[in-house]
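Colleague: Can you read through this structure? Questions will come right after.
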Amino acid sequence: MTIRTALWLLLATLRLSLAPAALAAVAGPDVGGATAFRDRPPQDEVIYFLLPDRFENGDPSNDRGGLSGGRLATGFDPSDKAFYHGGDLKGLISRLDYIQGLGATAVWVAPVFRNKPVQGAAGAESAGYHGYWITDFTRVDPHFGTNQDFHALVEAVHGRGLKLYLDIVVNHTADVIAYRECPTRSCPYRSHADYPYQRRGGLHGEPINSGFLGDYAQHQTAENFANLTRADYAYTPYVPRGEEHVKVPDWLNDPIYYHNRGNSTFSGESSTFGDFFGLDDLMTENPRVVRGFIDIYGAWIDEYGIDGFRIDTAKHVNPEFWQAFVPAMLARARARGIANFHIFGEVHTAAADAAPLALHTRVDKLPAVLDFAFAAALRATVAGSQGTEVLTRLFGQDALYEGGAAAARQLPTFISNHDQGRFAYFVRAARPGIAADEVLRRVLLAHAMLFTLRGVPVVYYGDEQGFAGRGGDQDARQDMFASRVASYNSEPLLGTGASTAHASFNREHPLYRAIARLASLRRSHAALRDGAQLVRADANAPGLFAVSRLDPHSGRELLIAFNTSTTAVNAQVTIDASSGNFFSLVGSCEPSASVPGSYHVEVPPLDYIVCAAGVGP
């Protein structure tokens, strides 16, 4: 780290510490106590997302998941980024103090259910360390521990006044079902038009499934699906020998409950009916499947009292499923005394456009979705070189969500994730040859936006330690405990120059400290959690972006101004005419409005300020 970078980081940390009394000026949500956490609405949370396998190894005895043999049998190879590395639930429990110290109030864990240990073509195998290749929906994967360990995790999380969000999958199971026509399991998608349910082998093939009326909404009844007796309308599915009962509950082993149409092209009908990269695509239109998954995931609420679900691949499931599933889960949660159960679906989009996301809150009736559009907008403006008007357009679409702007404040927002990659990687990809100190400043600025703009901030594990990576997926899933993956260890960590070859739980890391202060700022001001957001200024080039957040109780204005350019910004910004005096929460703020309704801001390069209307703390 250069002297220049060190001085800049010191100043950034001091700026967030200038007004400790101001941070406490408005009481924040109570995160302690035996039951107080149950009363917090979703928008009050700061979520920390992690993959248990990559976080901390608390019990080396379960590294191989109770299996014997080499890595293709056990899935364990800590030197390979595609295999299990040894992290588990006991390790996570041991590090909850670290997570809480960052300011997180909710822990979102990737799926913990038993997975198929290894799958993939010969020479291209990988392991289910990530949790998304489920075979047993009722038990914790032995690589992570036991159901008792999960119970202990929930108890430990709740004992700290935190919440526990569980990642779930409904769209598919592990790749178990094979097709006679495709020995390599690489089967092209076969459509309804060319391969209807009522014929075997295509339009002119053998008549089957007499009386089955199809899978449209009006036909999604138990009586209609009783006529679907054969699953070989498009391909001839079968369960390989030795895997006939690998899935739990046992009804999941019957191919009749899957679409069996080959691999999705992620367009048209195949987006819902195709296999997700070969994974067995469930027929979620079938009432038996709907009832089965309500029972499966309802049991996890009943038994463990978890606080929310993140739903994987939600966009690839038919709307009618969610219209039945979501109310059932909310009812189970209420019966368990969980009034603010948070459900948010993964609806992937690469564009800074809310419409594809909002559709699933309007039609599917998902209470919330992960805000991929927010992530795309920050990558365009803070990592890239587009103007801040991109952000204005995005927030102008908040009315599209079911529930409008208030619902948008409950959308989990993020800048990094386990599939697309980390924000620092996007900065480097957009700006080849960029200096390390500028990467760090852009990452800090993006986190400032994450914590102060509307939505529920999600911190991706390791971002607070300067993880960057060289891409998405496996390249963005580094180990927090001492890693043995050469590609991970060869990359100096942003902000310190350290390596993942050593454990990465440094509470003095400049990013950890900055995020903790941002979490404190958010916790101390209701305007940042649930206040209406008004865009005050933007630019058609890198530069100023300013918003006001209004306290939901008093109406008091917080003005937040960001500078996405490498030169200082001086500008007049619109404010409420009743906001006369201001004091600083972050950065340098003018003591009063220039004239009623206009306020002067000066924002250093790649920086931000937070100015509160009023007479001071």
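Simple scheme: letters A, B, ... for chains in structure tokens order, numbers from 1 for residues in each chain, numbers from 1 for ligands in the order shown.
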Give me, as a ChimeraX atom specification, all polymer residues having an atom no more than 6 Å from region 360-368 of chain A, counting only C-alpha atoms and skipping those fewer than 2 positions away in the same chain.

Modeller: /A:319,322-323,344,357-358,402,411

Colleague: Go ahead and write the residues just picked, N, CA, C and O atoms, as a short mmCIF file (atom, residue, chain, number, x, y, z; two decimals), in the first residue's frame.

Modeller:
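Below you can see selection_24.cif, which holds the result:
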```
data_model
loop_
_atom_site.label_atom_id
_atom_site.label_comp_id
_atom_site.auth_asym_id
_atom_site.auth_seq_id
_atom_site.Cartn_x
_atom_site.Cartn_y
_atom_site.Cartn_z
N PRO A 319 -45.17 -18.54 -12.47
CA PRO A 319 -45.73 -17.62 -11.48
C PRO A 319 -46.72 -18.26 -10.52
O PRO A 319 -46.78 -17.91 -9.34
N TRP A 322 -45.24 -19.56 -7.25
CA TRP A 322 -44.93 -18.55 -6.23
C TRP A 322 -46.21 -17.97 -5.61
O TRP A 322 -46.24 -17.65 -4.42
N GLN A 323 -47.25 -17.86 -6.41
CA GLN A 323 -48.51 -17.32 -5.90
C GLN A 323 -49.10 -18.22 -4.80
O GLN A 323 -49.85 -17.74 -3.95
N PHE A 344 -37.02 -12.98 -0.72
CA PHE A 344 -36.58 -12.25 -1.91
C PHE A 344 -36.03 -13.24 -2.93
O PHE A 344 -35.30 -14.17 -2.60
N LEU A 357 -37.26 -6.96 -13.19
CA LEU A 357 -37.35 -7.34 -11.78
C LEU A 357 -38.75 -7.11 -11.24
O LEU A 357 -39.34 -7.98 -10.58
N ALA A 358 -39.28 -5.93 -11.51
CA ALA A 358 -40.59 -5.56 -10.99
C ALA A 358 -41.68 -6.50 -11.47
O ALA A 358 -42.65 -6.76 -10.76
N GLU A 402 -44.53 -3.86 -7.24
CA GLU A 402 -45.76 -3.99 -6.48
C GLU A 402 -45.56 -3.34 -5.12
O GLU A 402 -44.68 -3.73 -4.35
N LEU A 411 -35.96 -3.97 -1.16
CA LEU A 411 -35.19 -4.78 -2.11
C LEU A 411 -33.76 -4.93 -1.60
O LEU A 411 -33.08 -3.93 -1.36
#
```

Colleague: With only C-alpha atoms as the counted atoms, please give the residues lying no more than 12 Å from Arg71 (chain A), apart from itself and same-chain residues fewer than 4 positions off, as a VMD selection string.

Modeller: chain A and resid 63 to 65 67 75 to 80 82 to 85 117 to 119 125 to 128

Colleague: I need the chosen residues saved as a CSV table (one decimal), in the first residue's frame, with N, CA, C and O atoms.

Modeller:
```
chain,number,residue,atom,x,y,z
A,63,ASP,N,-14.7,-32.7,6.7
A,63,ASP,CA,-14.2,-32.1,5.4
A,63,ASP,C,-14.6,-33.0,4.2
A,63,ASP,O,-14.9,-32.4,3.2
A,64,ARG,N,-14.6,-34.3,4.4
A,64,ARG,CA,-15.0,-35.2,3.3
A,64,ARG,C,-16.4,-35.6,3.4
A,64,ARG,O,-16.8,-36.5,2.6
A,65,GLY,N,-17.2,-35.0,4.2
A,65,GLY,CA,-18.6,-35.3,4.3
A,65,GLY,C,-19.0,-36.7,4.7
A,65,GLY,O,-20.0,-37.3,4.3
A,67,LEU,N,-17.6,-39.3,3.6
A,67,LEU,CA,-17.3,-40.2,2.4
A,67,LEU,C,-15.9,-40.6,2.4
A,67,LEU,O,-15.0,-40.0,2.9
A,75,GLY,N,-15.6,-35.1,-3.0
A,75,GLY,CA,-15.8,-33.7,-3.4
A,75,GLY,C,-14.8,-32.8,-2.7
A,75,GLY,O,-14.8,-31.6,-3.0
A,76,PHE,N,-13.9,-33.3,-1.9
A,76,PHE,CA,-13.0,-32.5,-1.1
A,76,PHE,C,-11.6,-32.4,-1.8
A,76,PHE,O,-10.9,-33.4,-2.0
A,77,ASP,N,-11.2,-31.2,-2.1
A,77,ASP,CA,-9.9,-30.8,-2.6
A,77,ASP,C,-9.7,-29.4,-2.3
A,77,ASP,O,-10.0,-28.5,-3.1
A,78,PRO,N,-9.1,-29.0,-1.2
A,78,PRO,CA,-8.9,-27.6,-0.8
A,78,PRO,C,-8.0,-26.8,-1.7
A,78,PRO,O,-7.9,-25.6,-1.6
A,79,SER,N,-7.3,-27.5,-2.6
A,79,SER,CA,-6.4,-26.8,-3.5
A,79,SER,C,-7.1,-26.4,-4.9
A,79,SER,O,-6.5,-25.7,-5.7
A,80,ASP,N,-8.3,-26.9,-5.1
A,80,ASP,CA,-9.0,-26.7,-6.3
A,80,ASP,C,-10.3,-25.8,-6.0
A,80,ASP,O,-11.1,-26.1,-5.2
A,82,ALA,N,-12.9,-25.5,-7.5
A,82,ALA,CA,-14.2,-26.2,-7.9
A,82,ALA,C,-14.6,-27.2,-6.9
A,82,ALA,O,-15.7,-27.9,-7.2
A,83,PHE,N,-13.9,-27.4,-5.8
A,83,PHE,CA,-14.2,-28.5,-4.9
A,83,PHE,C,-14.4,-27.9,-3.5
A,83,PHE,O,-14.2,-26.8,-3.2
A,84,TYR,N,-14.9,-28.8,-2.6
A,84,TYR,CA,-15.1,-28.5,-1.2
A,84,TYR,C,-13.7,-28.1,-0.6
A,84,TYR,O,-12.7,-28.7,-0.8
A,85,HIS,N,-13.7,-27.1,0.3
A,85,HIS,CA,-12.5,-26.6,1.0
A,85,HIS,C,-12.5,-26.9,2.5
A,85,HIS,O,-11.5,-26.8,3.1
A,117,PRO,N,-22.3,-34.9,-4.2
A,117,PRO,CA,-20.9,-34.4,-3.9
A,117,PRO,C,-20.2,-33.9,-5.2
A,117,PRO,O,-19.5,-32.8,-5.1
A,118,VAL,N,-20.3,-34.6,-6.3
A,118,VAL,CA,-19.6,-34.3,-7.5
A,118,VAL,C,-20.4,-34.6,-8.7
A,118,VAL,O,-21.1,-35.6,-8.7
A,119,GLN,N,-20.4,-33.7,-9.7
A,119,GLN,CA,-21.1,-34.0,-10.9
A,119,GLN,C,-20.3,-33.3,-12.1
A,119,GLN,O,-19.5,-32.5,-11.8
A,125,GLU,N,-15.3,-32.3,-13.9
A,125,GLU,CA,-16.1,-32.5,-12.7
A,125,GLU,C,-15.9,-31.3,-11.7
A,125,GLU,O,-14.8,-30.7,-11.7
A,126,SER,N,-16.9,-31.0,-11.0
A,126,SER,CA,-16.8,-30.1,-9.9
A,126,SER,C,-17.7,-30.5,-8.7
A,126,SER,O,-18.6,-31.4,-8.9
A,127,ALA,N,-17.6,-29.9,-7.6
A,127,ALA,CA,-18.3,-30.4,-6.4
A,127,ALA,C,-19.4,-29.4,-6.1
A,127,ALA,O,-19.5,-28.3,-6.5
A,128,GLY,N,-20.3,-29.9,-5.2
A,128,GLY,CA,-21.5,-29.2,-4.8
A,128,GLY,C,-21.2,-28.3,-3.5
A,128,GLY,O,-22.1,-28.1,-2.7
```

Colleague: Would you give me, as a PDB file with N, CA, C and O atoms, in the first residue's frame, the residues in region 144-230 of chain A that DSSP reads as strand (DSSP E or B)?

Modeller:
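File produced: result-v6.pdb:
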```pdb
ATOM      1  N   LYS A 163     -30.523 -11.990  12.539  1.00  0.00           N
ATOM      2  CA  LYS A 163     -31.449 -12.865  11.826  1.00  0.00           C
ATOM      3  C   LYS A 163     -30.671 -13.833  10.941  1.00  0.00           C
ATOM      4  O   LYS A 163     -29.521 -13.576  10.573  1.00  0.00           O
ATOM      5  N   LEU A 164     -31.333 -14.941  10.593  1.00  0.00           N
ATOM      6  CA  LEU A 164     -30.729 -15.950   9.739  1.00  0.00           C
ATOM      7  C   LEU A 164     -31.612 -16.152   8.513  1.00  0.00           C
ATOM      8  O   LEU A 164     -32.785 -16.534   8.631  1.00  0.00           O
ATOM      9  N   TYR A 165     -31.059 -15.854   7.335  1.00  0.00           N
ATOM     10  CA  TYR A 165     -31.746 -16.066   6.066  1.00  0.00           C
ATOM     11  C   TYR A 165     -31.160 -17.305   5.384  1.00  0.00           C
ATOM     12  O   TYR A 165     -29.934 -17.430   5.262  1.00  0.00           O
ATOM     13  N   LEU A 166     -32.050 -18.168   4.904  1.00  0.00           N
ATOM     14  CA  LEU A 166     -31.614 -19.415   4.282  1.00  0.00           C
ATOM     15  C   LEU A 166     -31.862 -19.357   2.775  1.00  0.00           C
ATOM     16  O   LEU A 166     -32.954 -19.015   2.326  1.00  0.00           O
ATOM     17  N   ASP A 167     -30.840 -19.681   2.008  1.00  0.00           N
ATOM     18  CA  ASP A 167     -30.926 -19.765   0.554  1.00  0.00           C
ATOM     19  C   ASP A 167     -31.637 -21.070   0.198  1.00  0.00           C
ATOM     20  O   ASP A 167     -31.242 -22.145   0.663  1.00  0.00           O
ATOM     21  N   ILE A 168     -32.679 -20.998  -0.620  1.00  0.00           N
ATOM     22  CA  ILE A 168     -33.420 -22.203  -0.995  1.00  0.00           C
ATOM     23  C   ILE A 168     -33.499 -22.331  -2.508  1.00  0.00           C
ATOM     24  O   ILE A 168     -33.336 -21.356  -3.248  1.00  0.00           O
ATOM     25  N   HIS A 172     -34.934 -26.621  -9.400  1.00  0.00           N
ATOM     26  CA  HIS A 172     -34.250 -27.831  -9.842  1.00  0.00           C
ATOM     27  C   HIS A 172     -33.670 -28.610  -8.673  1.00  0.00           C
ATOM     28  O   HIS A 172     -33.581 -28.099  -7.551  1.00  0.00           O
ATOM     29  N   ALA A 178     -31.198 -39.047 -16.180  1.00  0.00           N
ATOM     30  CA  ALA A 178     -30.520 -39.100 -17.479  1.00  0.00           C
ATOM     31  C   ALA A 178     -31.562 -39.372 -18.567  1.00  0.00           C
ATOM     32  O   ALA A 178     -32.692 -39.781 -18.276  1.00  0.00           O
ATOM     33  N   TYR A 179     -31.167 -39.142 -19.825  1.00  0.00           N
ATOM     34  CA  TYR A 179     -32.054 -39.385 -20.965  1.00  0.00           C
ATOM     35  C   TYR A 179     -31.414 -40.427 -21.878  1.00  0.00           C
ATOM     36  O   TYR A 179     -30.223 -40.328 -22.216  1.00  0.00           O
ATOM     37  N   CYS A 182     -29.463 -39.247 -24.946  1.00  0.00           N
ATOM     38  CA  CYS A 182     -28.292 -38.372 -24.793  1.00  0.00           C
ATOM     39  C   CYS A 182     -27.309 -38.985 -23.799  1.00  0.00           C
ATOM     40  O   CYS A 182     -27.315 -38.608 -22.613  1.00  0.00           O
ATOM     41  N   PRO A 188     -30.357 -31.050 -26.294  1.00  0.00           N
ATOM     42  CA  PRO A 188     -30.981 -29.778 -26.689  1.00  0.00           C
ATOM     43  C   PRO A 188     -32.438 -29.739 -26.251  1.00  0.00           C
ATOM     44  O   PRO A 188     -33.101 -30.774 -26.121  1.00  0.00           O
ATOM     45  N   ARG A 199     -47.915 -37.062 -26.829  1.00  0.00           N
ATOM     46  CA  ARG A 199     -47.277 -37.931 -27.815  1.00  0.00           C
ATOM     47  C   ARG A 199     -45.875 -38.308 -27.346  1.00  0.00           C
ATOM     48  O   ARG A 199     -45.178 -37.505 -26.732  1.00  0.00           O
ATOM     49  N   ARG A 200     -45.455 -39.534 -27.658  1.00  0.00           N
ATOM     50  CA  ARG A 200     -44.092 -39.967 -27.382  1.00  0.00           C
ATOM     51  C   ARG A 200     -43.309 -39.923 -28.685  1.00  0.00           C
ATOM     52  O   ARG A 200     -43.687 -40.555 -29.664  1.00  0.00           O
ATOM     53  N   GLU A 206     -46.274 -42.063 -30.733  1.00  0.00           N
ATOM     54  CA  GLU A 206     -47.237 -42.892 -30.004  1.00  0.00           C
ATOM     55  C   GLU A 206     -48.079 -42.053 -29.052  1.00  0.00           C
ATOM     56  O   GLU A 206     -47.543 -41.266 -28.277  1.00  0.00           O
ATOM     57  N   PRO A 207     -49.417 -42.208 -29.076  1.00  0.00           N
ATOM     58  CA  PRO A 207     -50.263 -41.467 -28.132  1.00  0.00           C
ATOM     59  C   PRO A 207     -50.006 -41.915 -26.687  1.00  0.00           C
ATOM     60  O   PRO A 207     -49.944 -43.111 -26.404  1.00  0.00           O
TER      61      PRO A 207
END
```

Colleague: Please list as a PyMOL selection string every residue within 8 Å of Ile47 (chain A), counting only C-alpha atoms and excluding residues in the same chain fewer than 6 positions away.

Modeller: chain A and resi 104-108+456-459

Colleague: Go ahead and write the selection's residues with N, CA and C atoms as a PDB file, in the first residue's frame.

Modeller:
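Contents of out_22.pdb, freshly written:
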```pdb
ATOM      1  N   ALA A 104     -23.392  -6.083  10.486  1.00  0.00           N
ATOM      2  CA  ALA A 104     -24.457  -6.894   9.906  1.00  0.00           C
ATOM      3  C   ALA A 104     -25.502  -7.221  10.962  1.00  0.00           C
ATOM      4  N   THR A 105     -26.756  -7.267  10.541  1.00  0.00           N
ATOM      5  CA  THR A 105     -27.844  -7.644  11.437  1.00  0.00           C
ATOM      6  C   THR A 105     -28.548  -8.915  10.971  1.00  0.00           C
ATOM      7  N   ALA A 106     -28.212  -9.395   9.768  1.00  0.00           N
ATOM      8  CA  ALA A 106     -28.784 -10.630   9.241  1.00  0.00           C
ATOM      9  C   ALA A 106     -27.691 -11.394   8.500  1.00  0.00           C
ATOM     10  N   VAL A 107     -27.678 -12.708   8.670  1.00  0.00           N
ATOM     11  CA  VAL A 107     -26.704 -13.570   7.998  1.00  0.00           C
ATOM     12  C   VAL A 107     -27.457 -14.422   6.984  1.00  0.00           C
ATOM     13  N   TRP A 108     -27.097 -14.270   5.721  1.00  0.00           N
ATOM     14  CA  TRP A 108     -27.679 -15.071   4.637  1.00  0.00           C
ATOM     15  C   TRP A 108     -26.649 -16.122   4.258  1.00  0.00           C
ATOM     16  N   VAL A 456     -31.931  -2.590   0.890  1.00  0.00           N
ATOM     17  CA  VAL A 456     -31.344  -3.286   2.042  1.00  0.00           C
ATOM     18  C   VAL A 456     -29.951  -3.760   1.638  1.00  0.00           C
ATOM     19  N   PRO A 457     -28.879  -3.199   2.199  1.00  0.00           N
ATOM     20  CA  PRO A 457     -27.532  -3.540   1.729  1.00  0.00           C
ATOM     21  C   PRO A 457     -27.133  -4.973   2.047  1.00  0.00           C
ATOM     22  N   VAL A 458     -26.548  -5.621   1.046  1.00  0.00           N
ATOM     23  CA  VAL A 458     -26.003  -6.973   1.202  1.00  0.00           C
ATOM     24  C   VAL A 458     -24.497  -6.893   0.972  1.00  0.00           C
ATOM     25  N   VAL A 459     -23.736  -7.245   1.997  1.00  0.00           N
ATOM     26  CA  VAL A 459     -22.281  -7.300   1.879  1.00  0.00           C
ATOM     27  C   VAL A 459     -21.891  -8.734   1.537  1.00  0.00           C
TER      28      VAL A 459
END
```

Colleague: Residues within 7 Å of Asp551 (chain A), please, as a list in words. Count only C-alpha atoms; anything in the same chain fewer than 5 positions from it doesn't count.

Modeller: Ala526, Ala527, Gly531, Arg556 and Glu557 of chain A

Colleague: Can I get the selected residues back with all heavy atoms, as a tab-separated table (two decimals), in the first residue's frame?

Modeller:
```tsv
chain	number	residue	atom	x	y	z
A	526	ALA	N	-33.00	6.72	10.72
A	526	ALA	CA	-34.14	6.05	10.08
A	526	ALA	C	-34.30	6.48	8.63
A	526	ALA	O	-34.80	5.72	7.80
A	526	ALA	CB	-35.41	6.34	10.87
A	527	ALA	N	-33.88	7.70	8.31
A	527	ALA	CA	-33.99	8.18	6.92
A	527	ALA	C	-33.22	7.29	5.96
A	527	ALA	O	-33.64	7.11	4.81
A	527	ALA	CB	-33.47	9.61	6.83
A	531	GLY	N	-36.47	5.89	4.75
A	531	GLY	CA	-36.89	7.22	4.33
A	531	GLY	C	-37.13	7.31	2.84
A	531	GLY	O	-36.41	6.68	2.04
A	556	ARG	N	-37.26	15.13	8.55
A	556	ARG	CA	-35.98	15.80	8.44
A	556	ARG	C	-35.17	15.25	7.26
A	556	ARG	O	-35.16	14.06	7.00
A	556	ARG	CB	-35.17	15.65	9.73
A	556	ARG	CG	-33.88	16.48	9.71
A	556	ARG	CD	-33.19	16.48	11.03
A	556	ARG	NE	-32.58	15.19	11.34
A	556	ARG	CZ	-31.59	15.04	12.23
A	556	ARG	NH1	-31.14	16.09	12.89
A	556	ARG	NH2	-31.09	13.86	12.48
A	557	GLU	N	-34.49	16.15	6.59
A	557	GLU	CA	-33.79	15.82	5.36
A	557	GLU	C	-32.32	15.49	5.61
A	557	GLU	O	-31.61	16.21	6.31
A	557	GLU	CB	-33.90	17.02	4.40
A	557	GLU	CG	-33.26	16.82	3.05
A	557	GLU	CD	-33.53	17.98	2.10
A	557	GLU	OE1	-34.03	19.04	2.59
A	557	GLU	OE2	-33.27	17.85	0.90
```

Colleague: Select, from A:Lys315, A:Lys247, A:His342, A:His158, the residue with the minimum atom-to-atom distance to Ile93 (chain A), counting only C-alpha atoms.

Modeller: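 Answer, going by the shortest atom-to-atom distance: A:His158.
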
Colleague: Taking only C-alpha atoms into account, name the residue in A:Val176, A:Ala217, A:Ala405, A:Val569 that is nearest to Glu243 (chain A).

Modeller: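 Counting only C-alpha atoms, the residue closest to Glu243 (chain A) is A:Val176.
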
Colleague: Given the choices A:Pro605, A:Pro591, A:Pro249, A:Gly466, which gets closest to Thr566 (chain A) if the distance is worked out from only C-alpha atoms?

Modeller: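 Among the listed residues, A:Pro605 lies closest to Thr566 (chain A).
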
Colleague: Can you pull out every residue from region 81-124 of chain A that DSSP, working from the backbone, puts in helix (DSSP H, G or I), and format the result as a list in words?

Modeller: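 Output for region 81-124 of chain A, helix (DSSP H, G or I) only: Leu89, Lys90, Gly91, Leu92, Ile93, Ser94, Leu96, Asp97, Tyr98, Ile99, Gln100 and Gly101 of chain A.
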
Colleague: Which is closer to Gly278 (chain A) than all the others in A:Thr349, A:Asn563, A:Thr184, A:Asn489, using only C-alpha atoms?

Modeller: A:Thr184

Colleague: Please provide as an NGL selection string all residues within 12 Å of Ser578 (chain A), with the sequence filter that same-chain residues fewer than 6 positions apart are discarded (counting only C-alpha atoms).

Modeller: :A and (555-557 or 592-593 or 595-599 or 613-614)

Colleague: Using only C-alpha atoms, which protein or nucleic acid residues come within 12 Å of Gly543 (chain A)? Drop anything in the same chain fewer than 3 positions from it, and give the result as a PyMOL selection string.

Modeller: chain A and resi 381-382+385-391+537-540+546+561-571+602-608

Colleague: For the selection you just gave me, I'd like the residues written to a file as a compact mmCIF listing (two decimals), in the first residue's frame, keeping N, CA and C atoms.

Modeller:
```
# COMPACT_ATOMS: atom_id res chain seq x y z
N THR A 381 -21.54 3.22 -13.41
CA THR A 381 -21.20 4.59 -13.03
C THR A 381 -19.97 4.70 -12.14
N VAL A 382 -19.81 3.79 -11.19
CA VAL A 382 -18.68 3.88 -10.25
C VAL A 382 -17.51 3.04 -10.73
N SER A 385 -17.68 4.26 -16.66
CA SER A 385 -17.53 5.68 -16.95
C SER A 385 -18.82 6.33 -17.44
N GLN A 386 -19.96 5.71 -17.17
CA GLN A 386 -21.21 6.31 -17.59
C GLN A 386 -21.63 7.41 -16.63
N GLY A 387 -22.48 8.30 -17.10
CA GLY A 387 -22.96 9.39 -16.27
C GLY A 387 -23.91 8.92 -15.19
N THR A 388 -24.06 9.73 -14.16
CA THR A 388 -24.89 9.35 -13.02
C THR A 388 -26.38 9.42 -13.32
N GLU A 389 -26.74 9.90 -14.49
CA GLU A 389 -28.15 9.87 -14.88
C GLU A 389 -28.67 8.43 -14.97
N VAL A 390 -27.77 7.47 -15.11
CA VAL A 390 -28.16 6.06 -15.08
C VAL A 390 -28.89 5.74 -13.78
N LEU A 391 -28.38 6.28 -12.67
CA LEU A 391 -28.99 6.05 -11.37
C LEU A 391 -30.35 6.72 -11.28
N ALA A 537 -29.83 15.69 -7.93
CA ALA A 537 -28.93 16.13 -9.00
C ALA A 537 -28.26 14.92 -9.63
N ASP A 538 -27.98 15.02 -10.93
CA ASP A 538 -27.22 13.99 -11.61
C ASP A 538 -26.43 14.65 -12.73
N ALA A 539 -25.75 13.84 -13.51
CA ALA A 539 -24.92 14.36 -14.60
C ALA A 539 -24.91 13.35 -15.73
N ASN A 540 -24.71 13.84 -16.98
CA ASN A 540 -24.64 12.93 -18.11
C ASN A 540 -23.22 12.46 -18.37
N ALA A 546 -26.78 13.30 -6.37
CA ALA A 546 -27.23 13.71 -5.04
C ALA A 546 -28.67 13.28 -4.81
N ALA A 561 -24.45 13.51 -1.22
CA ALA A 561 -23.90 13.87 -2.53
C ALA A 561 -22.67 13.01 -2.81
N PHE A 562 -22.66 12.37 -3.97
CA PHE A 562 -21.56 11.50 -4.39
C PHE A 562 -20.86 12.14 -5.58
N ASN A 563 -19.59 11.82 -5.72
CA ASN A 563 -18.81 12.28 -6.87
C ASN A 563 -18.14 11.07 -7.50
N THR A 564 -18.59 10.67 -8.69
CA THR A 564 -18.02 9.50 -9.36
C THR A 564 -16.88 9.85 -10.29
N SER A 565 -16.45 11.11 -10.29
CA SER A 565 -15.37 11.55 -11.18
C SER A 565 -14.07 11.70 -10.39
N THR A 566 -12.97 11.91 -11.13
CA THR A 566 -11.65 12.06 -10.51
C THR A 566 -11.27 13.52 -10.32
N THR A 567 -12.23 14.42 -10.48
CA THR A 567 -12.01 15.84 -10.17
C THR A 567 -13.10 16.29 -9.20
N ALA A 568 -12.80 17.30 -8.41
CA ALA A 568 -13.74 17.78 -7.41
C ALA A 568 -15.00 18.33 -8.06
N VAL A 569 -16.11 18.24 -7.33
CA VAL A 569 -17.39 18.77 -7.78
C VAL A 569 -17.80 19.93 -6.89
N ASN A 570 -18.18 21.06 -7.51
CA ASN A 570 -18.78 22.20 -6.82
C ASN A 570 -20.09 22.49 -7.51
N ALA A 571 -21.18 22.47 -6.75
CA ALA A 571 -22.47 22.65 -7.40
C ALA A 571 -23.52 23.10 -6.40
N GLU A 602 -19.62 20.71 -2.06
CA GLU A 602 -18.28 20.51 -2.61
C GLU A 602 -17.85 19.11 -2.23
N VAL A 603 -17.66 18.27 -3.24
CA VAL A 603 -17.36 16.86 -3.00
C VAL A 603 -16.03 16.50 -3.64
N PRO A 604 -15.06 16.00 -2.86
CA PRO A 604 -13.77 15.62 -3.42
C PRO A 604 -13.91 14.50 -4.45
N PRO A 605 -12.88 14.24 -5.23
CA PRO A 605 -12.94 13.17 -6.24
C PRO A 605 -13.24 11.81 -5.61
N LEU A 606 -14.09 11.04 -6.25
CA LEU A 606 -14.44 9.68 -5.83
C LEU A 606 -14.76 9.64 -4.33
N ASP A 607 -15.65 10.53 -3.93
CA ASP A 607 -15.94 10.67 -2.50
C ASP A 607 -17.41 11.01 -2.34
N TYR A 608 -17.82 11.26 -1.09
CA TYR A 608 -19.22 11.59 -0.83
C TYR A 608 -19.31 12.37 0.47
```

Colleague: Show me, as a VMD selection string, the residues that have an atom within 8 Å of Gly87 (chain A) when counting only C-alpha atoms, minus same-chain residues fewer than 3 positions from it.

Modeller: chain A and resid 52 to 58 63 84 91 to 92 143 to 144

Colleague: For Tyr189 (chain A), which of A:Arg261, A:Lys116, A:Arg160, A:Arg536 is the closest residue, counting only C-alpha atoms?

Modeller: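 Smallest distance to Tyr189 (chain A) is found for A:Arg261.
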
Colleague: Nearest residue to Ala174 (chain A) out of A:Phe325, A:Tyr235, A:Tyr98, A:Phe276, using only C-alpha atoms?

Modeller: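 Selected residue with least distance to Ala174 (chain A): A:Phe276.
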
Colleague: Can you work out the spacing between CA of Ala36 (chain A) and CA of Phe113 (chain A) in Å, to one decimal?

Modeller: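 CA of Ala36 (chain A) sits 28.6 Å away from CA of Phe113 (chain A).
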
Colleague: Quick one: distance from CA of Ala430 (chain A) to CA of Gly384 (chain A) in Å, one decimal?

Modeller: 5.5 Å
